[in-house]
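Asker: Data file upload-v6.json (JSON, C-alpha atoms) is appended below.
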```
[["chain", "number", "residue", "atom", "x", "y", "z"],
["S", 1, "GLU", "CA", -17.53, -3.55, 8.38],
["S", 2, "GLY", "CA", -14.95, -6.23, 7.66],
["S", 3, "SER", "CA", -15.11, -7.75, 11.16],
["S", 4, "LYS", "CA", -16.29, -11.28, 11.86],
["S", 5, "LEU", "CA", -18.77, -12.58, 14.44],
["S", 6, "THR", "CA", -18.31, -16.17, 15.60],
["S", 7, "LEU", "CA", -20.71, -18.21, 17.70],
["S", 8, "PRO", "CA", -19.61, -21.44, 19.41],
["S", 9, "ALA", "CA", -21.61, -23.64, 17.03],
["S", 10, "PRO", "CA", -23.89, -23.33, 13.97],
["S", 11, "ASP", "CA", -26.89, -24.38, 16.11],
["S", 12, "ASP", "CA", -26.41, -21.21, 18.14],
["S", 13, "SER", "CA", -28.03, -19.38, 15.24],
["S", 14, "ALA", "CA", -31.26, -20.08, 17.14],
["S", 15, "ASN", "CA", -30.12, -17.45, 19.65],
["S", 16, "VAL", "CA", -30.15, -14.65, 17.08],
["S", 17, "LYS", "CA", -33.10, -12.41, 17.99],
["S", 18, "ARG", "CA", -32.54, -9.79, 15.32],
["S", 19, "ALA", "CA", -29.80, -8.42, 13.08],
["S", 20, "TRP", "CA", -29.29, -5.15, 11.24],
["S", 21, "TYR", "CA", -26.71, -3.87, 8.73],
["S", 22, "GLY", "CA", -26.19, -0.22, 7.83],
["S", 23, "ALA", "CA", -24.59, 3.13, 8.54],
["S", 24, "GLU", "CA", -23.31, 3.27, 12.12],
["S", 25, "GLU", "CA", -24.94, 6.60, 12.95],
["S", 26, "HIS", "CA", -28.38, 5.18, 12.07],
["S", 27, "ALA", "CA", -28.29, 2.03, 14.22],
["S", 28, "TRP", "CA", -31.41, -0.13, 13.80],
["S", 29, "GLU", "CA", -33.08, 2.40, 11.48],
["S", 30, "VAL", "CA", -34.52, 1.09, 8.22],
["S", 31, "GLY", "CA", -34.44, 3.08, 5.01],
["S", 32, "THR", "CA", -32.76, 3.60, 1.68],
["S", 33, "GLY", "CA", -29.14, 4.63, 2.18],
["S", 34, "ILE", "CA", -29.47, 4.05, 5.93],
["S", 35, "GLY", "CA", -29.76, 0.36, 6.80],
["S", 36, "ASP", "CA", -31.99, -2.69, 6.86],
["S", 37, "LEU", "CA", -32.82, -5.69, 8.99],
["S", 38, "CYS", "CA", -31.09, -8.91, 7.96],
["S", 39, "THR", "CA", -32.01, -11.39, 10.67],
["S", 40, "ASP", "CA", -32.83, -14.29, 8.34],
["S", 41, "ILE", "CA", -29.66, -13.73, 6.31],
["S", 42, "VAL", "CA", -27.44, -13.74, 9.42],
["S", 43, "ILE", "CA", -29.09, -16.89, 10.77],
["S", 44, "GLU", "CA", -28.56, -18.66, 7.44],
["S", 45, "ARG", "CA", -24.90, -17.57, 7.19],
["S", 46, "ILE", "CA", -24.18, -18.76, 10.73],
["S", 47, "LYS", "CA", -25.71, -22.15, 9.91],
["S", 48, "LEU", "CA", -23.76, -22.52, 6.67],
["S", 49, "CYS", "CA", -20.41, -21.08, 7.79],
["S", 50, "SER", "CA", -19.58, -22.99, 10.98],
["S", 51, "GLY", "CA", -21.04, -20.39, 13.29],
["S", 52, "THR", "CA", -19.55, -17.30, 11.65],
["S", 53, "VAL", "CA", -20.87, -14.28, 9.78],
["S", 54, "MET", "CA", -18.87, -11.36, 8.39],
["S", 55, "ALA", "CA", -19.97, -7.75, 8.31],
["S", 56, "SER", "CA", -19.56, -7.28, 4.57],
["S", 57, "ASN", "CA", -21.70, -6.77, 1.50],
["S", 58, "ALA", "CA", -20.27, -9.95, -0.03],
["S", 59, "CYS", "CA", -21.25, -12.12, 2.94],
["S", 60, "LEU", "CA", -24.67, -10.60, 3.53],
["S", 61, "GLY", "CA", -25.55, -10.25, -0.14],
["S", 62, "PHE", "CA", -26.67, -6.62, -0.15],
["S", 63, "ASP", "CA", -25.49, -3.06, 0.45],
["S", 64, "PRO", "CA", -28.07, -0.95, 2.29],
["S", 65, "ALA", "CA", -25.90, 2.20, 2.40],
["S", 66, "PRO", "CA", -23.52, 2.42, -0.57],
["S", 67, "GLY", "CA", -20.41, 4.52, -0.20],
["S", 68, "VAL", "CA", -20.27, 4.64, 3.61],
["S", 69, "VAL", "CA", -18.71, 2.47, 6.30],
["S", 70, "LYS", "CA", -21.30, 0.11, 7.76],
["S", 71, "VAL", "CA", -21.77, -1.97, 10.90],
["S", 72, "LEU", "CA", -23.53, -5.27, 11.51],
["S", 73, "LEU", "CA", -25.56, -5.37, 14.73],
["S", 74, "VAL", "CA", -26.68, -8.75, 16.08],
["S", 75, "GLU", "CA", -28.84, -9.12, 19.19],
["S", 76, "LEU", "CA", -28.53, -12.50, 20.90],
["S", 77, "SER", "CA", -30.73, -14.23, 23.47],
["S", 78, "GLY", "CA", -29.65, -16.59, 26.23],
["S", 79, "SER", "CA", -26.08, -16.90, 27.52],
["S", 80, "VAL", "CA", -24.37, -17.72, 24.23],
["S", 81, "GLN", "CA", -20.91, -16.16, 24.02],
["S", 82, "ALA", "CA", -19.97, -14.52, 20.74],
["S", 83, "ALA", "CA", -16.43, -13.67, 19.64],
["S", 84, "ILE", "CA", -15.71, -10.67, 17.43],
["S", 85, "SER", "CA", -12.50, -10.43, 15.44],
["S", 86, "GLY", "CA", -11.58, -7.31, 13.56],
["S", 87, "ALA", "CA", -8.76, -5.09, 12.51],
["S", 88, "ALA", "CA", -6.08, -4.28, 15.05],
["S", 89, "GLU", "CA", -5.59, -0.53, 15.48],
["S", 90, "ARG", "CA", -1.99, -0.07, 14.48],
["S", 91, "GLN", "CA", -0.32, 3.12, 15.60],
["S", 92, "CYS", "CA", -0.43, 5.81, 12.91],
["S", 93, "PHE", "CA", 1.60, 8.99, 12.58],
["S", 94, "GLU", "CA", 1.28, 12.24, 10.64],
["S", 95, "SER", "CA", 5.01, 12.72, 10.07],
["S", 96, "PRO", "CA", 7.81, 10.29, 9.16],
["S", 97, "GLU", "CA", 9.97, 11.61, 12.00],
["S", 98, "ALA", "CA", 7.41, 10.48, 14.59],
["S", 99, "VAL", "CA", 7.29, 6.86, 13.37],
["S", 100, "THR", "CA", 8.69, 4.42, 15.92],
["S", 101, "SER", "CA", 10.90, 2.76, 13.29],
["S", 102, "ALA", "CA", 12.14, 6.05, 11.76],
["S", 103, "PRO", "CA", 13.84, 6.63, 9.41],
["S", 104, "ARG", "CA", 12.15, 3.46, 8.12],
["S", 105, "TRP", "CA", 8.40, 3.59, 7.57],
["S", 106, "VAL", "CA", 5.45, 2.48, 5.49],
["S", 107, "ALA", "CA", 2.81, 4.99, 4.38],
["S", 108, "PHE", "CA", -0.83, 4.36, 3.48],
["S", 109, "VAL", "CA", -2.61, 6.70, 1.05],
["S", 110, "ARG", "CA", -6.26, 6.40, 0.08],
["S", 111, "HIS", "CA", -7.27, 7.32, -3.46],
["S", 112, "ALA", "CA", -8.98, 10.63, -4.19],
["S", 113, "GLN", "CA", -12.74, 10.86, -4.73],
["S", 114, "ALA", "CA", -13.98, 8.42, -7.38],
["S", 115, "GLY", "CA", -17.34, 8.27, -9.15],
["S", 116, "HIS", "CA", -18.96, 5.72, -6.85],
["S", 117, "ASN", "CA", -18.06, 7.77, -3.76],
["S", 118, "VAL", "CA", -20.65, 10.35, -4.78],
["S", 119, "ASP", "CA", -22.94, 8.64, -7.31],
["S", 120, "GLU", "CA", -24.84, 5.64, -5.95],
["S", 121, "ALA", "CA", -25.54, 4.34, -9.47],
["S", 122, "LEU", "CA", -21.79, 3.93, -10.06],
["S", 123, "VAL", "CA", -21.51, 1.48, -7.14],
["S", 124, "MET", "CA", -22.61, -1.12, -9.68],
["S", 125, "ASN", "CA", -19.99, -0.01, -12.22],
["S", 126, "PRO", "CA", -16.53, -1.67, -12.12],
["S", 127, "ASP", "CA", -13.29, 0.29, -11.91],
["S", 128, "ASN", "CA", -14.55, 3.86, -11.66],
["S", 129, "HIS", "CA", -12.27, 6.79, -12.42],
["S", 130, "LEU", "CA", -11.67, 9.89, -10.31],
["S", 131, "THR", "CA", -14.19, 12.69, -10.40],
["S", 132, "GLU", "CA", -13.11, 16.24, -11.20],
["S", 133, "ILE", "CA", -13.26, 16.96, -7.48],
["S", 134, "GLY", "CA", -11.09, 13.91, -6.92],
["S", 135, "ARG", "CA", -8.50, 15.22, -9.34],
["S", 136, "GLU", "CA", -8.53, 18.55, -7.50],
["S", 137, "GLN", "CA", -8.10, 16.68, -4.19],
["S", 138, "ALA", "CA", -5.05, 14.88, -5.54],
["S", 139, "HIS", "CA", -3.52, 18.11, -6.86],
["S", 140, "ALA", "CA", -4.01, 19.76, -3.48],
["S", 141, "ALA", "CA", -2.64, 16.71, -1.62],
["S", 142, "ARG", "CA", 0.74, 17.03, -3.37],
["S", 143, "ALA", "CA", 1.62, 19.57, -0.69],
["S", 144, "ALA", "CA", 0.13, 17.47, 2.12],
["S", 145, "ILE", "CA", 1.08, 14.18, 3.77],
["S", 146, "ALA", "CA", 0.10, 12.08, 0.74],
["S", 147, "GLY", "CA", 2.37, 13.92, -1.66],
["S", 148, "GLU", "CA", 5.20, 14.08, 0.85],
["S", 149, "ALA", "CA", 5.01, 10.31, 1.43],
["S", 150, "LEU", "CA", 5.22, 9.50, -2.27],
["S", 151, "ARG", "CA", 8.13, 11.88, -2.89],
["S", 152, "SER", "CA", 10.08, 10.45, 0.07],
["S", 153, "ALA", "CA", 9.43, 6.76, -0.60],
["S", 154, "GLU", "CA", 11.99, 4.43, -2.09],
["S", 155, "LEU", "CA", 9.11, 2.52, -3.67],
["S", 156, "ILE", "CA", 5.49, 3.42, -4.36],
["S", 157, "ILE", "CA", 3.09, 0.49, -4.71],
["S", 158, "THR", "CA", -0.30, 1.26, -6.21],
["S", 159, "SER", "CA", -3.42, -0.85, -6.50],
["S", 160, "PRO", "CA", -4.26, -1.58, -10.16],
["S", 161, "LEU", "CA", -7.73, -0.06, -9.78],
["S", 162, "MET", "CA", -7.91, 3.07, -11.93],
["S", 163, "ARG", "CA", -8.80, 5.39, -9.06],
["S", 164, "ALA", "CA", -5.61, 4.40, -7.24],
["S", 165, "MET", "CA", -3.34, 4.63, -10.29],
["S", 166, "GLN", "CA", -4.77, 8.01, -11.28],
["S", 167, "THR", "CA", -4.24, 9.27, -7.72],
["S", 168, "THR", "CA", -0.65, 8.05, -7.77],
["S", 169, "ALA", "CA", 0.11, 9.88, -11.01],
["S", 170, "LEU", "CA", -1.55, 13.12, -9.86],
["S", 171, "LEU", "CA", 0.24, 13.09, -6.51],
["S", 172, "LEU", "CA", 3.58, 12.69, -8.26],
["S", 173, "GLY", "CA", 2.86, 15.40, -10.81],
["S", 174, "ASP", "CA", 4.86, 15.67, -14.02],
["S", 175, "ASP", "CA", 8.28, 15.39, -12.42],
["S", 176, "ASP", "CA", 8.60, 11.73, -11.44],
["S", 177, "ALA", "CA", 12.01, 10.96, -12.94],
["S", 178, "GLY", "CA", 13.80, 8.37, -10.86],
["S", 179, "VAL", "CA", 10.67, 7.50, -8.86],
["S", 180, "ARG", "CA", 9.95, 3.77, -8.61],
["S", 181, "VAL", "CA", 6.28, 2.88, -8.93],
["S", 182, "MET", "CA", 4.98, -0.69, -8.85],
["S", 183, "VAL", "CA", 1.52, -1.94, -9.79],
["S", 184, "HIS", "CA", 0.50, -4.79, -7.45],
["S", 185, "GLN", "CA", -2.82, -6.38, -6.50],
["S", 186, "ILE", "CA", -1.90, -7.03, -2.86],
["S", 187, "GLY", "CA", -3.47, -3.72, -1.76],
["S", 188, "THR", "CA", -6.54, -3.67, -3.98],
["S", 189, "GLU", "CA", -9.92, -3.04, -2.38],
["S", 190, "ARG", "CA", -11.79, -5.86, -0.63],
["S", 191, "TRP", "CA", -14.95, -6.71, -2.53],
["S", 192, "SER", "CA", -18.10, -4.98, -1.35],
["S", 193, "ALA", "CA", -19.77, -4.20, -4.70],
["S", 194, "PRO", "CA", -19.00, -4.26, -8.44],
["S", 195, "CYS", "CA", -17.20, -0.90, -8.07],
["S", 196, "ASP", "CA", -14.38, -2.85, -6.40],
["S", 197, "GLU", "CA", -13.86, -5.04, -9.47],
["S", 198, "GLY", "CA", -11.10, -4.10, -11.86],
["S", 199, "THR", "CA", -10.19, -4.16, -15.53],
["S", 200, "ARG", "CA", -8.31, -7.03, -17.14],
["S", 201, "LYS", "CA", -4.58, -6.45, -17.38],
["S", 202, "SER", "CA", -4.56, -6.80, -21.17],
["S", 203, "GLU", "CA", -7.22, -4.09, -21.47],
["S", 204, "LEU", "CA", -5.43, -1.83, -19.01],
["S", 205, "LEU", "CA", -2.22, -2.05, -21.00],
["S", 206, "GLU", "CA", -4.11, -0.98, -24.11],
["S", 207, "THR", "CA", -5.86, 1.99, -22.50],
["S", 208, "VAL", "CA", -3.77, 3.49, -19.67],
["S", 209, "PRO", "CA", -1.33, 6.34, -20.38],
["S", 210, "GLU", "CA", 2.17, 5.40, -21.48],
["S", 211, "ARG", "CA", 3.45, 6.71, -18.17],
["S", 212, "PHE", "CA", 1.48, 4.02, -16.31],
["S", 213, "ARG", "CA", 2.83, 1.30, -18.59],
["S", 214, "GLN", "CA", 6.38, 2.23, -17.54],
["S", 215, "TRP", "CA", 5.69, 1.29, -13.95],
["S", 216, "GLU", "CA", 7.00, -1.98, -12.53],
["S", 217, "GLY", "CA", 4.88, -5.06, -11.89],
["S", 218, "TRP", "CA", 2.85, -5.42, -15.08],
["S", 219, "ASP", "CA", 4.77, -8.52, -16.12],
["S", 220, "VAL", "CA", 3.67, -10.47, -13.04],
["S", 221, "LEU", "CA", 0.20, -8.97, -12.54],
["S", 222, "PRO", "CA", -2.46, -11.65, -13.20],
["S", 223, "GLU", "CA", -4.92, -11.06, -16.04],
["S", 224, "CYS", "CA", -7.81, -11.00, -13.55],
["S", 225, "TRP", "CA", -6.31, -9.63, -10.36],
["S", 226, "TRP", "CA", -9.12, -8.03, -8.33],
["S", 227, "ALA", "CA", -10.92, -9.36, -5.25],
["S", 228, "GLU", "CA", -14.07, -11.40, -5.80],
["S", 229, "PRO", "CA", -17.17, -12.00, -3.67],
["S", 230, "GLY", "CA", -16.37, -14.50, -0.96],
["S", 231, "GLU", "CA", -12.69, -13.60, -0.74],
["S", 232, "ASP", "CA", -11.14, -14.19, 2.68],
["S", 233, "ALA", "CA", -9.99, -10.60, 3.13],
["S", 234, "TRP", "CA", -8.45, -11.40, 6.52],
["S", 235, "ALA", "CA", -6.18, -13.98, 4.89],
["S", 236, "ARG", "CA", -5.06, -11.30, 2.43],
["S", 237, "ILE", "CA", -4.32, -8.98, 5.36],
["S", 238, "ASP", "CA", -1.87, -11.60, 6.65],
["S", 239, "GLU", "CA", -0.35, -11.90, 3.18],
["S", 240, "PHE", "CA", -0.09, -8.14, 2.91],
["S", 241, "VAL", "CA", 1.72, -7.74, 6.24],
["S", 242, "GLU", "CA", 4.18, -10.50, 5.32],
["S", 243, "PHE", "CA", 4.69, -8.91, 1.89],
["S", 244, "VAL", "CA", 5.53, -5.57, 3.51],
["S", 245, "ARG", "CA", 7.92, -7.13, 6.00],
["S", 246, "GLN", "CA", 9.80, -9.02, 3.28],
["S", 247, "ARG", "CA", 10.35, -6.01, 1.00],
["S", 248, "PRO", "CA", 13.94, -4.71, 1.15],
["S", 249, "GLU", "CA", 13.08, -0.99, 0.87],
["S", 250, "GLU", "CA", 13.20, 1.13, 4.03],
["S", 251, "ARG", "CA", 10.46, 3.55, 2.97],
["S", 252, "ILE", "CA", 7.39, 2.30, 1.07],
["S", 253, "ALA", "CA", 4.23, 4.23, 0.18],
["S", 254, "PHE", "CA", 1.07, 2.31, -0.73],
["S", 255, "VAL", "CA", -1.76, 3.95, -2.67],
["S", 256, "GLY", "CA", -4.99, 2.03, -2.20],
["S", 257, "HIS", "CA", -8.43, 1.96, -0.67],
["S", 258, "GLY", "CA", -10.42, 2.90, 2.41],
["S", 259, "GLY", "CA", -11.97, -0.47, 3.15],
["S", 260, "PHE", "CA", -8.82, -2.55, 2.85],
["S", 261, "TRP", "CA", -6.63, 0.00, 4.63],
["S", 262, "SER", "CA", -9.11, 0.10, 7.51],
["S", 263, "MET", "CA", -8.65, -3.65, 7.90],
["S", 264, "VAL", "CA", -4.85, -3.29, 7.84],
["S", 265, "ILE", "CA", -4.41, -0.34, 10.19],
["S", 266, "GLY", "CA", -7.75, -0.11, 12.01],
["S", 267, "HIS", "CA", -8.42, 3.44, 10.82],
["S", 268, "TYR", "CA", -10.63, 4.61, 7.95],
["S", 269, "LEU", "CA", -8.90, 7.20, 5.78],
["S", 270, "GLY", "CA", -10.76, 9.91, 3.90],
["S", 271, "ASN", "CA", -10.20, 10.47, 0.21],
["S", 272, "CYS", "CA", -6.58, 11.38, -0.51],
["S", 273, "LYS", "CA", -5.62, 11.20, 3.17],
["S", 274, "ALA", "CA", -2.46, 9.47, 4.35],
["S", 275, "VAL", "CA", -0.73, 8.17, 7.46],
["S", 276, "TYR", "CA", 2.66, 6.70, 8.32],
["S", 277, "CYS", "CA", 3.14, 3.45, 10.25],
["S", 278, "ASP", "CA", 6.00, 1.45, 11.69],
["S", 279, "ARG", "CA", 7.96, -0.17, 8.86],
["S", 280, "PHE", "CA", 7.18, -3.69, 10.11],
["S", 281, "LEU", "CA", 3.52, -3.14, 11.06],
["S", 282, "PRO", "CA", 3.71, -4.57, 14.59],
["S", 283, "LEU", "CA", 0.45, -5.33, 16.37],
["S", 284, "PRO", "CA", -0.36, -3.19, 19.42]]
```
Now, as a test, write the supplied structure out as structure tokens.

Answerer:
Amino acid sequence: EGSKLTLPAPDDSANVKRAWYGAEEHAWEVGTGIGDLCTDIVIERIKLCSGTVMASNACLGFDPAPGVVKVLLVELSGSVQAAISGAAERQCFESPEAVTSAPRWVAFVRHAQAGHNVDEALVMNPDNHLTEIGREQAHAARAAIAGEALRSAELIITSPLMRAMQTTALLLGDDDAGVRVMVHQIGTERWSAPCDEGTRKSELLETVPERFRQWEGWDVLPECWWAEPGEDAWARIDEFVEFVRQRPEERIAFVGHGGFWSMVIGHYLGNCKAVYCDRFLPLP
């Protein structure tokens, strides 16, 4: 999911024998919550998009297995050569001391469990909040890598989606005096369904706790800041890496989302899990 398949030319769509999109462990199986065939959709996308198709809900127009990481399988005939581009697997570490650029590092934290992670109906609901289990996960993670990363960071940057901001606040606990937190859209989730859409800034500022409103970044956050269907998520990856490299802080912790982080670091994090990476995010 998130990778791109490119054929030499749009006419090579004629070489697509079949295509399937769904949960990796159920390859080629068809069923609700499992996967479905999408041969005609893939052929049409390749024709319209200069020979390319992306493994994403936005590109394919449906989500056969909400809440899980999916794969796109395409079987080709003939000798046509396909190129696949995806996330580079950046080296990740479980302690700041092990990071190659130590004592400088960047940490990636995924939000705790949110409504759409467990309730399929909420996949169609924008900007879901944490579940009670998610809040418990965040409380417990204060003593784990996620909490340690936030306490040690010079700057914490959170996605403006509610599940990320709530996770940030819970990981910090009540004692966050002197902690710098910034709200920024650069690490928001890539669009896969309405659950990845956010709330307008003006509405957020009217409804979030006062503590959230004290964080940096609200003055420059756009009114509508979330990813939309058709976004070039790979272009935002490049922007994100450059953004990180240009920041002056030596230790930065990002609180964000599984899909987008998997595209940045090449690893899918569980709810409220965290890893450290080299401060300048070099490619392997």

Asker: For Arg163 in chain S, please output as a PDB file with C-alpha atoms, in the frame of the given file all residues within 12 Å (counting all atoms listed in the file; exclusion window: fewer than 2 positions along the same chain).

Answerer:
```
ATOM      1  CA  VAL S 109      -2.610   6.700   1.050  1.00  0.00           C
ATOM      2  CA  ARG S 110      -6.260   6.400   0.080  1.00  0.00           C
ATOM      3  CA  HIS S 111      -7.270   7.320  -3.460  1.00  0.00           C
ATOM      4  CA  ALA S 112      -8.980  10.630  -4.190  1.00  0.00           C
ATOM      5  CA  GLN S 113     -12.740  10.860  -4.730  1.00  0.00           C
ATOM      6  CA  ALA S 114     -13.980   8.420  -7.380  1.00  0.00           C
ATOM      7  CA  GLY S 115     -17.340   8.270  -9.150  1.00  0.00           C
ATOM      8  CA  HIS S 116     -18.960   5.720  -6.850  1.00  0.00           C
ATOM      9  CA  ASN S 117     -18.060   7.770  -3.760  1.00  0.00           C
ATOM     10  CA  PRO S 126     -16.530  -1.670 -12.120  1.00  0.00           C
ATOM     11  CA  ASP S 127     -13.290   0.290 -11.910  1.00  0.00           C
ATOM     12  CA  ASN S 128     -14.550   3.860 -11.660  1.00  0.00           C
ATOM     13  CA  HIS S 129     -12.270   6.790 -12.420  1.00  0.00           C
ATOM     14  CA  LEU S 130     -11.670   9.890 -10.310  1.00  0.00           C
ATOM     15  CA  THR S 131     -14.190  12.690 -10.400  1.00  0.00           C
ATOM     16  CA  GLU S 132     -13.110  16.240 -11.200  1.00  0.00           C
ATOM     17  CA  GLY S 134     -11.090  13.910  -6.920  1.00  0.00           C
ATOM     18  CA  ARG S 135      -8.500  15.220  -9.340  1.00  0.00           C
ATOM     19  CA  ALA S 138      -5.050  14.880  -5.540  1.00  0.00           C
ATOM     20  CA  THR S 158      -0.300   1.260  -6.210  1.00  0.00           C
ATOM     21  CA  SER S 159      -3.420  -0.850  -6.500  1.00  0.00           C
ATOM     22  CA  PRO S 160      -4.260  -1.580 -10.160  1.00  0.00           C
ATOM     23  CA  LEU S 161      -7.730  -0.060  -9.780  1.00  0.00           C
ATOM     24  CA  MET S 165      -3.340   4.630 -10.290  1.00  0.00           C
ATOM     25  CA  GLN S 166      -4.770   8.010 -11.280  1.00  0.00           C
ATOM     26  CA  THR S 167      -4.240   9.270  -7.720  1.00  0.00           C
ATOM     27  CA  THR S 168      -0.650   8.050  -7.770  1.00  0.00           C
ATOM     28  CA  ALA S 169       0.110   9.880 -11.010  1.00  0.00           C
ATOM     29  CA  LEU S 170      -1.550  13.120  -9.860  1.00  0.00           C
ATOM     30  CA  THR S 188      -6.540  -3.670  -3.980  1.00  0.00           C
ATOM     31  CA  GLU S 189      -9.920  -3.040  -2.380  1.00  0.00           C
ATOM     32  CA  CYS S 195     -17.200  -0.900  -8.070  1.00  0.00           C
ATOM     33  CA  ASP S 196     -14.380  -2.850  -6.400  1.00  0.00           C
ATOM     34  CA  GLU S 197     -13.860  -5.040  -9.470  1.00  0.00           C
ATOM     35  CA  GLY S 198     -11.100  -4.100 -11.860  1.00  0.00           C
ATOM     36  CA  THR S 199     -10.190  -4.160 -15.530  1.00  0.00           C
ATOM     37  CA  VAL S 208      -3.770   3.490 -19.670  1.00  0.00           C
ATOM     38  CA  VAL S 255      -1.760   3.950  -2.670  1.00  0.00           C
ATOM     39  CA  GLY S 256      -4.990   2.030  -2.200  1.00  0.00           C
ATOM     40  CA  HIS S 257      -8.430   1.960  -0.670  1.00  0.00           C
ATOM     41  CA  GLY S 258     -10.420   2.900   2.410  1.00  0.00           C
ATOM     42  CA  ASN S 271     -10.200  10.470   0.210  1.00  0.00           C
ATOM     43  CA  CYS S 272      -6.580  11.380  -0.510  1.00  0.00           C
TER      44      CYS S 272
END
```

Asker: I'd like the contact shell of Asp11 in chain S - 9 Å cut-off, only C-alpha atoms, skipping same-chain residues fewer than 6 positions apart - returned as number ranges by chain.

Answerer: S: 46-47, 51

Asker: CA of Val53 in chain S to CA of Trp226 in chain S: how many Å, to one decimal?

Answerer: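 Straight-line distance from CA of Val53 in chain S to CA of Trp226 in chain S works out to 22.5 Å.
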
Asker: One number please: CA of Ala233 in chain S to CA of Gly31 in chain S, in Å, one decimal.

Answerer: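 CA of Gly31 in chain S lies 28.1 Å from CA of Ala233 in chain S.
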
Asker: Pick out the closest residue to Gln91 in chain S from this set: S:Met162, S:Leu60, S:Ala107, S:Val183. Count all atoms listed in the file.

Answerer: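 Once distances to Gln91 in chain S are computed over all atoms listed in the file, the minimum belongs to S:Ala107.
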
Asker: What does the structure give for the distance between CA of Cys38 in chain S and CA of Leu76 in chain S, in Å to one decimal?

Answerer: 13.7 Å

Asker: Which residues come within 8 Å of range 239-249 of chain S, counting all atoms listed in the file, excluding same-chain residues fewer than 2 positions away, as a list in words?

Answerer: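 Counting only the stated atoms, we get Glu154, Leu155, Ile186, Gly187, Ala235, Arg236, Ile237, Arg251, Ile252, Arg279, Phe280 and Leu281 of chain S.
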
Asker: Check the smallest atom-to-atom distance from each of S:Val99, S:Gly33, S:Ser202, S:Trp105 to Leu221 in chain S using all atoms listed in the file, then report the winner.

Answerer: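 With all atoms listed in the file as the atom set, the closest residue is S:Ser202.
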
Asker: I'd like the neighbourhood of Thr32 in chain S as a list of chain:residue names, where a residue qualifies if any of its atoms comes within 9 Å (using only C-alpha atoms), though same-chain residues fewer than 3 positions away should be ignored.

Answerer: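 Contacts, with the query itself left out: S:Gly35, S:Asp36, S:Pro64, S:Ala65.
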